[in-house]
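Novice: One file: model.pdb (PDB, C-alpha atoms).
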MODEL        1
ATOM      1  CA  MET A   1      50.870  49.070  -4.843
ATOM      2  CA  LYS A   2      52.609  48.423  -1.521
ATOM      3  CA  ASN A   3      50.330  48.025   1.480
ATOM      4  CA  LEU A   4      50.763  50.737   4.075
ATOM      5  CA  HIS A   5      51.736  49.363   7.466
ATOM      6  CA  TYR A   6      50.242  50.674  10.685
ATOM      7  CA  ASP A   7      50.702  49.595  14.290
ATOM      8  CA  TYR A   8      47.299  50.503  15.718
ATOM      9  CA  LYS A   9      43.915  51.930  14.812
ATOM     10  CA  PHE A  10      41.128  53.868  16.541
ATOM     11  CA  SER A  11      39.352  50.784  17.894
ATOM     12  CA  ASP A  12      42.640  49.614  19.423
ATOM     13  CA  ILE A  13      42.890  52.852  21.419
ATOM     14  CA  ILE A  14      39.388  52.326  22.808
ATOM     15  CA  ASN A  15      40.083  48.702  23.725
ATOM     16  CA  SER A  16      43.407  49.542  25.391
ATOM     17  CA  ILE A  17      41.804  52.297  27.474
ATOM     18  CA  LYS A  18      39.055  49.926  28.613
ATOM     19  CA  LYS A  19      41.616  47.266  29.553
ATOM     20  CA  CYS A  20      43.268  49.863  31.792
ATOM     21  CA  ASN A  21      40.155  49.963  33.970
ATOM     22  CA  ILE A  22      38.876  53.285  32.595
ATOM     23  CA  LYS A  23      35.074  53.359  32.684
ATOM     24  CA  LYS A  24      31.994  55.482  32.127
ATOM     25  CA  LYS A  25      31.883  58.693  34.244
ATOM     26  CA  ASP A  26      35.569  58.371  35.208
ATOM     27  CA  ILE A  27      37.714  61.415  35.936
ATOM     28  CA  VAL A  28      41.025  60.792  34.172
ATOM     29  CA  TYR A  29      44.324  62.660  34.410
ATOM     30  CA  VAL A  30      46.174  61.964  31.144
ATOM     31  CA  SER A  31      49.860  62.404  30.323
ATOM     32  CA  GLY A  32      52.407  60.742  28.060
ATOM     33  CA  ASN A  33      53.917  60.506  24.587
ATOM     34  CA  LEU A  34      51.577  59.709  21.692
ATOM     35  CA  SER A  35      54.432  59.216  19.222
ATOM     36  CA  SER A  36      55.703  56.179  21.144
ATOM     37  CA  PHE A  37      52.959  53.861  19.859
ATOM     38  CA  GLY A  38      54.175  53.767  16.265
ATOM     39  CA  TYR A  39      52.151  54.401  13.109
ATOM     40  CA  CYS A  40      48.435  55.022  13.461
ATOM     41  CA  GLU A  41      45.899  53.996  10.831
ATOM     42  CA  THR A  42      45.041  57.653  10.164
ATOM     43  CA  LYS A  43      46.839  59.237   7.206
ATOM     44  CA  ASN A  44      47.200  62.556   9.031
ATOM     45  CA  ILE A  45      49.455  62.364  12.103
ATOM     46  CA  ASN A  46      48.049  65.702  13.285
ATOM     47  CA  LYS A  47      44.744  63.892  13.850
ATOM     48  CA  ILE A  48      46.218  61.464  16.400
ATOM     49  CA  PRO A  49      45.504  63.633  19.505
ATOM     50  CA  GLU A  50      41.905  63.944  18.316
ATOM     51  CA  LEU A  51      41.627  60.154  17.993
ATOM     52  CA  PHE A  52      42.840  59.659  21.573
ATOM     53  CA  PHE A  53      40.398  62.318  22.768
ATOM     54  CA  LYS A  54      37.468  60.711  20.939
ATOM     55  CA  ALA A  55      38.486  57.284  22.228
ATOM     56  CA  LEU A  56      38.549  58.546  25.815
ATOM     57  CA  ILE A  57      35.155  60.214  25.417
ATOM     58  CA  GLU A  58      33.803  56.995  23.926
ATOM     59  CA  VAL A  59      34.798  55.237  27.167
ATOM     60  CA  ILE A  60      34.070  57.833  29.891
ATOM     61  CA  LYS A  61      31.125  59.452  28.033
ATOM     62  CA  LYS A  62      29.917  63.038  28.590
ATOM     63  CA  GLU A  63      29.650  62.430  32.329
ATOM     64  CA  GLY A  64      33.418  61.955  32.572
ATOM     65  CA  THR A  65      36.267  64.468  32.818
ATOM     66  CA  ILE A  66      39.713  64.641  31.185
ATOM     67  CA  ILE A  67      42.571  66.555  32.829
ATOM     68  CA  VAL A  68      46.036  67.157  31.348
ATOM     69  CA  PRO A  69      49.232  68.937  32.396
ATOM     70  CA  SER A  70      49.537  72.231  30.490
ATOM     71  CA  HIS A  71      52.967  73.409  31.621
ATOM     72  CA  THR A  72      54.615  76.627  30.404
ATOM     73  CA  PHE A  73      57.968  76.476  32.194
ATOM     74  CA  PHE A  74      59.516  78.558  29.396
ATOM     75  CA  LEU A  75      57.825  81.612  30.915
ATOM     76  CA  ALA A  76      59.894  81.335  34.098
ATOM     77  CA  ASN A  77      62.397  84.175  34.577
ATOM     78  CA  THR A  78      60.838  86.144  31.709
ATOM     79  CA  LYS A  79      58.476  89.099  31.452
ATOM     80  CA  ARG A  80      56.259  87.281  28.969
ATOM     81  CA  ILE A  81      52.587  87.197  29.914
ATOM     82  CA  PHE A  82      50.891  83.889  30.664
ATOM     83  CA  ASN A  83      47.808  83.894  28.467
ATOM     84  CA  ILE A  84      45.449  81.298  29.934
ATOM     85  CA  LYS A  85      43.723  80.856  26.592
ATOM     86  CA  LEU A  86      46.626  81.109  24.148
ATOM     87  CA  SER A  87      49.914  80.138  25.863
ATOM     88  CA  LYS A  88      50.993  76.842  24.310
ATOM     89  CA  SER A  89      51.747  73.904  26.573
ATOM     90  CA  ILE A  90      55.095  72.077  26.531
ATOM     91  CA  SER A  91      53.312  68.952  27.775
ATOM     92  CA  GLY A  92      52.725  67.359  24.383
ATOM     93  CA  SER A  93      50.277  67.263  21.493
ATOM     94  CA  PHE A  94      47.389  65.831  23.520
ATOM     95  CA  SER A  95      47.715  68.623  26.081
ATOM     96  CA  ASN A  96      47.587  71.272  23.354
ATOM     97  CA  TYR A  97      44.615  69.580  21.719
ATOM     98  CA  ILE A  98      42.707  69.812  25.015
ATOM     99  CA  LEU A  99      43.636  73.500  25.318
ATOM    100  CA  LYS A 100      41.928  74.163  21.979
ATOM    101  CA  GLN A 101      38.580  72.813  23.157
ATOM    102  CA  LYS A 102      35.890  75.472  23.615
ATOM    103  CA  ASN A 103      34.884  74.250  27.066
ATOM    104  CA  VAL A 104      38.423  73.865  28.458
ATOM    105  CA  VAL A 105      39.158  75.201  31.944
ATOM    106  CA  ARG A 106      42.808  76.000  32.657
ATOM    107  CA  GLN A 107      44.383  76.501  36.053
ATOM    108  CA  GLU A 108      45.655  79.995  36.752
ATOM    109  CA  HIS A 109      49.341  79.183  37.217
ATOM    110  CA  PRO A 110      51.911  80.708  34.821
ATOM    111  CA  PHE A 111      54.497  77.894  34.872
ATOM    112  CA  SER A 112      52.868  74.614  35.897
ATOM    113  CA  SER A 113      49.147  74.450  35.211
ATOM    114  CA  SER A 114      46.563  71.744  34.599
ATOM    115  CA  ALA A 115      43.668  71.987  32.141
ATOM    116  CA  ALA A 116      40.423  70.045  32.002
ATOM    117  CA  VAL A 117      37.323  69.362  29.921
ATOM    118  CA  GLY A 118      34.167  67.645  31.075
ATOM    119  CA  LYS A 119      31.702  67.573  33.924
ATOM    120  CA  LYS A 120      34.143  68.328  36.779
ATOM    121  CA  ALA A 121      36.536  70.584  34.821
ATOM    122  CA  LYS A 122      35.497  73.832  36.505
ATOM    123  CA  TYR A 123      35.752  72.381  40.009
ATOM    124  CA  ILE A 124      39.185  70.877  39.366
ATOM    125  CA  CYS A 125      40.917  73.716  37.508
ATOM    126  CA  SER A 126      39.391  76.986  38.744
ATOM    127  CA  ASN A 127      39.688  78.963  41.984
ATOM    128  CA  ASN A 128      42.775  76.946  42.920
ATOM    129  CA  THR A 129      45.513  77.652  45.403
ATOM    130  CA  LYS A 130      48.494  79.714  44.185
ATOM    131  CA  SER A 131      50.595  76.537  44.329
ATOM    132  CA  VAL A 132      50.812  73.614  41.912
ATOM    133  CA  TYR A 133      50.244  71.083  44.699
ATOM    134  CA  GLY A 134      48.632  71.086  48.139
ATOM    135  CA  LEU A 135      45.143  71.821  49.418
ATOM    136  CA  GLY A 136      42.937  73.435  46.786
ATOM    137  CA  SER A 137      45.186  72.387  43.909
ATOM    138  CA  PRO A 138      43.906  70.374  40.918
ATOM    139  CA  PHE A 139      45.681  67.296  42.309
ATOM    140  CA  ASP A 140      43.990  67.706  45.688
ATOM    141  CA  ARG A 141      40.592  67.903  43.991
ATOM    142  CA  MET A 142      41.275  64.998  41.638
ATOM    143  CA  ILE A 143      42.189  62.842  44.631
ATOM    144  CA  LYS A 144      38.980  63.843  46.414
ATOM    145  CA  LEU A 145      37.019  62.861  43.305
ATOM    146  CA  ASN A 146      38.700  59.432  43.160
ATOM    147  CA  ALA A 147      40.266  60.184  39.764
ATOM    148  CA  LYS A 148      42.456  57.821  37.774
ATOM    149  CA  PHE A 149      45.803  58.456  36.085
ATOM    150  CA  LEU A 150      46.371  57.293  32.496
ATOM    151  CA  SER A 151      49.983  57.244  31.314
ATOM    152  CA  LEU A 152      50.278  57.015  27.530
ATOM    153  CA  GLY A 153      53.426  55.241  26.395
ATOM    154  CA  MET A 154      55.482  56.066  29.493
ATOM    155  CA  PRO A 155      56.277  53.724  32.414
ATOM    156  CA  ILE A 156      54.780  54.949  35.675
ATOM    157  CA  ASN A 157      58.111  55.556  37.403
ATOM    158  CA  LEU A 158      58.974  58.119  34.695
ATOM    159  CA  ASN A 159      55.550  59.760  34.663
ATOM    160  CA  CYS A 160      54.120  60.158  38.164
ATOM    161  CA  SER A 161      54.648  63.818  39.038
ATOM    162  CA  GLN A 162      51.604  63.564  41.333
ATOM    163  CA  VAL A 163      54.036  62.285  43.966
ATOM    164  CA  HIS A 164      55.063  65.910  44.550
ATOM    165  CA  HIS A 165      51.611  66.551  46.027
ATOM    166  CA  ALA A 166      52.382  64.011  48.771
ATOM    167  CA  GLU A 167      55.832  65.574  49.238
ATOM    168  CA  LEU A 168      54.270  68.981  49.828
ATOM    169  CA  MET A 169      51.649  67.606  52.206
ATOM    170  CA  MET A 170      54.440  65.889  54.160
ATOM    171  CA  ASN A 171      56.657  69.003  54.078
ATOM    172  CA  VAL A 172      59.719  67.088  52.885
ATOM    173  CA  PRO A 173      63.001  68.697  54.035
ATOM    174  CA  TYR A 174      64.628  68.910  50.588
ATOM    175  CA  ARG A 175      61.976  71.093  48.897
ATOM    176  CA  TYR A 176      60.372  74.463  49.555
ATOM    177  CA  ASN A 177      57.700  76.725  48.079
ATOM    178  CA  LYS A 178      59.482  79.353  46.015
ATOM    179  CA  LYS A 179      57.409  82.520  45.735
ATOM    180  CA  PHE A 180      57.246  84.699  42.623
ATOM    181  CA  SER A 181      54.996  87.148  40.799
ATOM    182  CA  HIS A 182      53.967  86.938  37.168
ATOM    183  CA  ARG A 183      51.575  88.650  34.779
ATOM    184  CA  ILE A 184      48.460  86.793  33.676
ATOM    185  CA  LYS A 185      46.026  87.464  30.855
ATOM    186  CA  LYS A 186      42.507  86.131  31.387
ATOM    187  CA  ASN A 187      39.235  87.210  29.789
ATOM    188  CA  ASN A 188      41.019  90.132  28.062
ATOM    189  CA  LYS A 189      42.306  91.433  31.403
ATOM    190  CA  THR A 190      45.998  91.527  32.325
ATOM    191  CA  TYR A 191      47.129  91.576  35.939
ATOM    192  CA  LYS A 192      50.041  90.546  38.150
ATOM    193  CA  LYS A 193      49.637  87.876  40.800
ATOM    194  CA  ASP A 194      51.730  85.918  43.329
ATOM    195  CA  PHE A 195      52.363  82.188  42.867
ATOM    196  CA  ASN A 196      54.437  79.339  44.317
ATOM    197  CA  MET A 197      56.576  76.600  42.816
ATOM    198  CA  PHE A 198      57.478  73.567  44.934
ATOM    199  CA  VAL A 199      61.170  73.209  44.083
ATOM    200  CA  LEU A 200      64.309  71.496  45.321
ATOM    201  CA  LYS A 201      66.486  73.461  47.704
ATOM    202  CA  GLU A 202      69.612  74.785  46.008
ATOM    203  CA  GLN A 203      71.987  72.394  47.786
ATOM    204  CA  HIS A 204      69.997  69.430  46.444
ATOM    205  CA  LEU A 205      69.656  70.462  42.785
ATOM    206  CA  LYS A 206      72.309  67.992  41.612
ATOM    207  CA  ILE A 207      71.300  65.012  43.739
ATOM    208  CA  LYS A 208      71.138  61.667  41.993
ATOM    209  CA  ARG A 209      67.539  60.450  42.202
ATOM    210  CA  ASN A 210      66.232  56.885  42.027
ATOM    211  CA  LYS A 211      63.493  57.596  39.444
ATOM    212  CA  ASN A 212      60.692  56.758  41.885
ATOM    213  CA  LYS A 213      61.961  53.201  42.358
ATOM    214  CA  LYS A 214      61.022  52.917  46.050
ATOM    215  CA  ILE A 215      57.690  54.660  45.507
ATOM    216  CA  ILE A 216      56.565  52.407  42.652
ATOM    217  CA  GLU A 217      57.846  49.202  44.270
ATOM    218  CA  ASN A 218      55.941  50.061  47.443
ATOM    219  CA  PHE A 219      52.771  50.955  45.536
ATOM    220  CA  THR A 220      52.705  47.779  43.422
ATOM    221  CA  LYS A 221      52.920  45.652  46.577
ATOM    222  CA  LYS A 222      49.583  47.083  47.684
ATOM    223  CA  GLU A 223      47.715  48.137  44.530
ATOM    224  CA  LYS A 224      47.505  47.188  40.886
ATOM    225  CA  ILE A 225      48.935  49.230  38.041
ATOM    226  CA  PHE A 226      46.925  48.331  34.950
ATOM    227  CA  ARG A 227      48.871  47.883  31.723
ATOM    228  CA  SER A 228      47.570  47.410  28.194
ATOM    229  CA  LYS A 229      49.373  47.004  24.867
ATOM    230  CA  LEU A 230      48.815  49.629  22.180
ATOM    231  CA  GLY A 231      50.841  49.540  18.987
ATOM    232  CA  ASN A 232      54.545  49.440  19.853
ATOM    233  CA  ASN A 233      54.089  50.461  23.479
ATOM    234  CA  PHE A 234      51.771  50.288  26.488
ATOM    235  CA  ILE A 235      49.348  52.483  28.372
ATOM    236  CA  TYR A 236      49.208  52.342  32.172
ATOM    237  CA  SER A 237      46.709  53.430  34.797
ATOM    238  CA  TYR A 238      46.148  53.543  38.530
ATOM    239  CA  ASN A 239      43.899  55.223  41.088
ATOM    240  CA  LEU A 240      45.246  58.651  42.125
ATOM    241  CA  LYS A 241      43.669  58.564  45.587
ATOM    242  CA  LYS A 242      45.187  55.190  46.415
ATOM    243  CA  PHE A 243      48.538  56.327  45.019
ATOM    244  CA  TYR A 244      48.440  59.389  47.266
ATOM    245  CA  GLU A 245      47.353  57.538  50.408
ATOM    246  CA  ILE A 246      49.977  54.814  49.987
ATOM    247  CA  ASN A 247      52.672  57.409  49.297
ATOM    248  CA  MET A 248      51.727  59.366  52.431
ATOM    249  CA  LYS A 249      52.219  56.244  54.551
ATOM    250  CA  LEU A 250      55.574  55.596  52.884
ATOM    251  CA  PHE A 251      56.774  59.179  53.440
ATOM    252  CA  LYS A 252      55.868  58.872  57.133
ATOM    253  CA  LYS A 253      58.173  55.852  57.346
ATOM    254  CA  ASP A 254      60.852  57.201  55.001
ATOM    255  CA  ILE A 255      60.744  60.947  54.351
ATOM    256  CA  PHE A 256      63.523  60.547  51.749
ATOM    257  CA  CYS A 257      61.853  57.774  49.723
ATOM    258  CA  TRP A 258      61.546  59.994  46.616
ATOM    259  CA  VAL A 259      65.299  60.652  46.667
ATOM    260  CA  GLY A 260      66.221  57.072  47.535
ATOM    261  CA  LYS A 261      68.688  58.006  50.268
ATOM    262  CA  LYS A 262      68.911  60.201  53.348
ATOM    263  CA  LEU A 263      70.061  63.747  52.742
ATOM    264  CA  ILE A 264      72.024  65.772  55.263
TER
ENDMDL
END
Turn the structure described in the file into structure tokens.
Specialist:
Amino acid sequence: MKNLHYDYKFSDIINSIKKCNIKKKDIVYVSGNLSSFGYCETKNINKIPELFFKALIEVIKKEGTIIVPSHTFFLANTKRIFNIKLSKSISGSFSNYILKQKNVVRQEHPFSSSAAVGKKAKYICSNNTKSVYGLGSPFDRMIKLNAKFLSLGMPINLNCSQVHHAELMMNVPYRYNKKFSHRIKKNNKTYKKDFNMFVLKEQHLKIKRNKNKKIIENFTKKEKIFRSKLGNNFIYSYNLKKFYEINMKLFKKDIFCWVGKKLI
């Protein structure tokens, strides 16, 4: 009988997470693509998100917290209700696994929410601002808690949406808070509420961006991005607070650093 090949196993996930400077009691924002690592030792691919969850818990323990993006952009420009408990996330299998946990807390935002489990979940993802970013948002609270970002199988420059929090705080000239109303279902109650999305101004929708080149180059000159091999790919991590503070200084020097060039 032919031996089945696999690229990584459960213990490899744990070791890779530890090598990325993730420790006991850490608050970790997790995003990425689990399929990029190749074949896992488990026979059931549907169990892979669970393995990553268990591996993270093994490292951060019960005192830690896991946060994920739980976006539902498909609800934009529709009359479909955002069900905080049941609306499926487009942010990947790990995100949807977290949403199925009994103790999950999900941000009340119909298009671009975050969800969390663990000790600080309620603080991070409840009673937030009506915006995705800014004061009172999950990102604001993660930064205050000195959280770390863990990118699974995606280079940082392609997976650092937290930069938009710094853009909002700096009031960049090429974005604005677009206001809208949408229906929400929470605890068996349905109601309509106002929200914001921090979007590009119409005249800049087709601008060619530099994929965070300046932002990442500037950050790596001052702080370390941890990288660890897992299967056919890598996982990456950095400190969210340091990322934010360094980005704020860069935006003060170059308000167009995210774009890569000055816009008229």
Novice: Find the residues of segment 14-53 of chain A that sit at most 12 Å from segment 159-178 of chain A; for each, write down the nearest two atoms and how far apart they are in Å, to one decimal. Count only C-alpha atoms. Sort by chain, then by number going up, and give it as a Markdown table.
Specialist:
| residue | atom | partner | partner_atom | distance |
| --- | --- | --- | --- | --- |
| A:Tyr29 | CA | A:Gln162 | CA | 10.1 |
| A:Val30 | CA | A:Asn159 | CA | 10.3 |
| A:Ser31 | CA | A:Asn159 | CA | 7.6 |
| A:Gly32 | CA | A:Asn159 | CA | 7.4 |
| A:Asn33 | CA | A:Asn159 | CA | 10.2 |
Novice: In Å, with one decimal, what is the gap from atom CA of His109 of chain A to atom CA of Cys257 of chain A?
Specialist: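 Atom-to-atom, atom CA of His109 of chain A to atom CA of Cys257 of chain A, that is 27.8 Å.
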Novice: Do you have, as a tab-separated table, the list of residues of segment 65-125 of chain A lying at most 9 Å from segment 192-203 of chain A, each with its nearest atom pair and that distance in Å to one decimal, counting only C-alpha atoms and ordered by chain then number?
Specialist:
residue	atom	partner	partner_atom	distance
A:His109	CA	A:Phe195	CA	7.1
A:Pro110	CA	A:Phe195	CA	8.2
A:Phe111	CA	A:Met197	CA	8.3
A:Ser112	CA	A:Met197	CA	8.1
Novice: For the selection just defined, write its residues with C-alpha atoms to a file, as a JSON list (two decimals), in the frame of the given file.
Specialist:
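This went into part.json:
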[["chain", "number", "residue", "atom", "x", "y", "z"],
["A", 109, "HIS", "CA", 49.34, 79.18, 37.22],
["A", 110, "PRO", "CA", 51.91, 80.71, 34.82],
["A", 111, "PHE", "CA", 54.50, 77.89, 34.87],
["A", 112, "SER", "CA", 52.87, 74.61, 35.90]]
Novice: Apply the PyMOL selection byres ((chain A and resi 11) around 12) to the displayed file and report the matching residues as a ChimeraX atom specification.
Specialist: /A:7-10,12-18,40-42,51-52,54-56,58-59,230-231
Novice: Export C-alpha atoms of the chosen residues as a PDB file, keeping the file's coordinate frame?
Specialist:
ATOM      1  CA  ASP A   7      50.702  49.595  14.290  1.00  0.00           C
ATOM      2  CA  TYR A   8      47.299  50.503  15.718  1.00  0.00           C
ATOM      3  CA  LYS A   9      43.915  51.930  14.812  1.00  0.00           C
ATOM      4  CA  PHE A  10      41.128  53.868  16.541  1.00  0.00           C
ATOM      5  CA  ASP A  12      42.640  49.614  19.423  1.00  0.00           C
ATOM      6  CA  ILE A  13      42.890  52.852  21.419  1.00  0.00           C
ATOM      7  CA  ILE A  14      39.388  52.326  22.808  1.00  0.00           C
ATOM      8  CA  ASN A  15      40.083  48.702  23.725  1.00  0.00           C
ATOM      9  CA  SER A  16      43.407  49.542  25.391  1.00  0.00           C
ATOM     10  CA  ILE A  17      41.804  52.297  27.474  1.00  0.00           C
ATOM     11  CA  LYS A  18      39.055  49.926  28.613  1.00  0.00           C
ATOM     12  CA  CYS A  40      48.435  55.022  13.461  1.00  0.00           C
ATOM     13  CA  GLU A  41      45.899  53.996  10.831  1.00  0.00           C
ATOM     14  CA  THR A  42      45.041  57.653  10.164  1.00  0.00           C
ATOM     15  CA  LEU A  51      41.627  60.154  17.993  1.00  0.00           C
ATOM     16  CA  PHE A  52      42.840  59.659  21.573  1.00  0.00           C
ATOM     17  CA  LYS A  54      37.468  60.711  20.939  1.00  0.00           C
ATOM     18  CA  ALA A  55      38.486  57.284  22.228  1.00  0.00           C
ATOM     19  CA  LEU A  56      38.549  58.546  25.815  1.00  0.00           C
ATOM     20  CA  GLU A  58      33.803  56.995  23.926  1.00  0.00           C
ATOM     21  CA  VAL A  59      34.798  55.237  27.167  1.00  0.00           C
ATOM     22  CA  LEU A 230      48.815  49.629  22.180  1.00  0.00           C
ATOM     23  CA  GLY A 231      50.841  49.540  18.987  1.00  0.00           C
TER      24      GLY A 231
END
Novice: Please report as CSV every residue of segment 167-217 of chain A lying within 12 Å of segment 146-155 of chain A, along with the nearest atom pair and their distance in Å (one decimal), using only C-alpha atoms.
Specialist:
residue,atom,partner,partner_atom,distance
A:Lys211,CA,A:Pro155,CA,10.8
A:Asn212,CA,A:Pro155,CA,10.9
A:Lys213,CA,A:Pro155,CA,11.5
A:Ile216,CA,A:Pro155,CA,10.3
Novice: Name the residues that the PyMOL selection byres ((chain A and resi 187) around 12) pulls out of this structure, and write them as a PyMOL selection string.
Specialist: chain A and resi 83-86+108+184-186+188-191
Novice: Show me, as a list in words, the residues that have an atom within 9 Å of Ile143 of chain A when counting all atoms listed in the file, minus same-chain residues fewer than 2 positions from it.
Specialist: Pro138, Phe139, Asp140, Arg141, Leu145, Asn146, Ala147, Lys148, Asn239, Leu240, Lys241, Lys242 and Tyr244 of chain A
Novice: Closest to Lys221 of chain A among A:Asn103, A:Asn96, A:Ile246, A:Ser114, using all atoms listed in the file?
Specialist: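 So, comparing all the options, the nearest one is A:Ile246.
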Novice: Check what the PyMOL selection byres ((chain A and resi 117-126) around 7) selects in the file above and give those residues as a list in words.
Specialist: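 Evaluating the PyMOL selection byres ((chain A and resi 117-126) around 7) on these coordinates yields Lys62, Glu63, Gly64, Thr65, Ile66, Ile67, Asn103, Val104, Val105, Arg106, Gln107, Ser114, Ala115, Ala116, Asn127, Asn128, Pro138, Arg141 and Met142 of chain A.
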Novice: What is the atom CA of Ile60 of chain A-atom CA of Lys25 of chain A distance in Å, reported with one decimal?
Specialist: 4.9 Å
Novice: Mind giving me the straight-line distance from atom CA of Ser131 of chain A to atom CA of Arg183 of chain A in Å, one decimal?
Specialist: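 Computing it gives 15.5 Å between the two atoms.
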Novice: Just checking: using all atoms listed in the file, which residue out of A:Lys249, A:Ile156, A:Gly134, A:Phe180 ends up closest to Ile235 of chain A?
Specialist: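 The closest residue to Ile235 of chain A is A:Ile156.
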Novice: I'd like to know which of A:Phe226, A:Phe256, A:Tyr39, A:Phe219 is closest to Phe243 of chain A, using all atoms listed in the file.
Specialist: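 Using all atoms listed in the file, Phe243 of chain A sits closest to A:Phe219.
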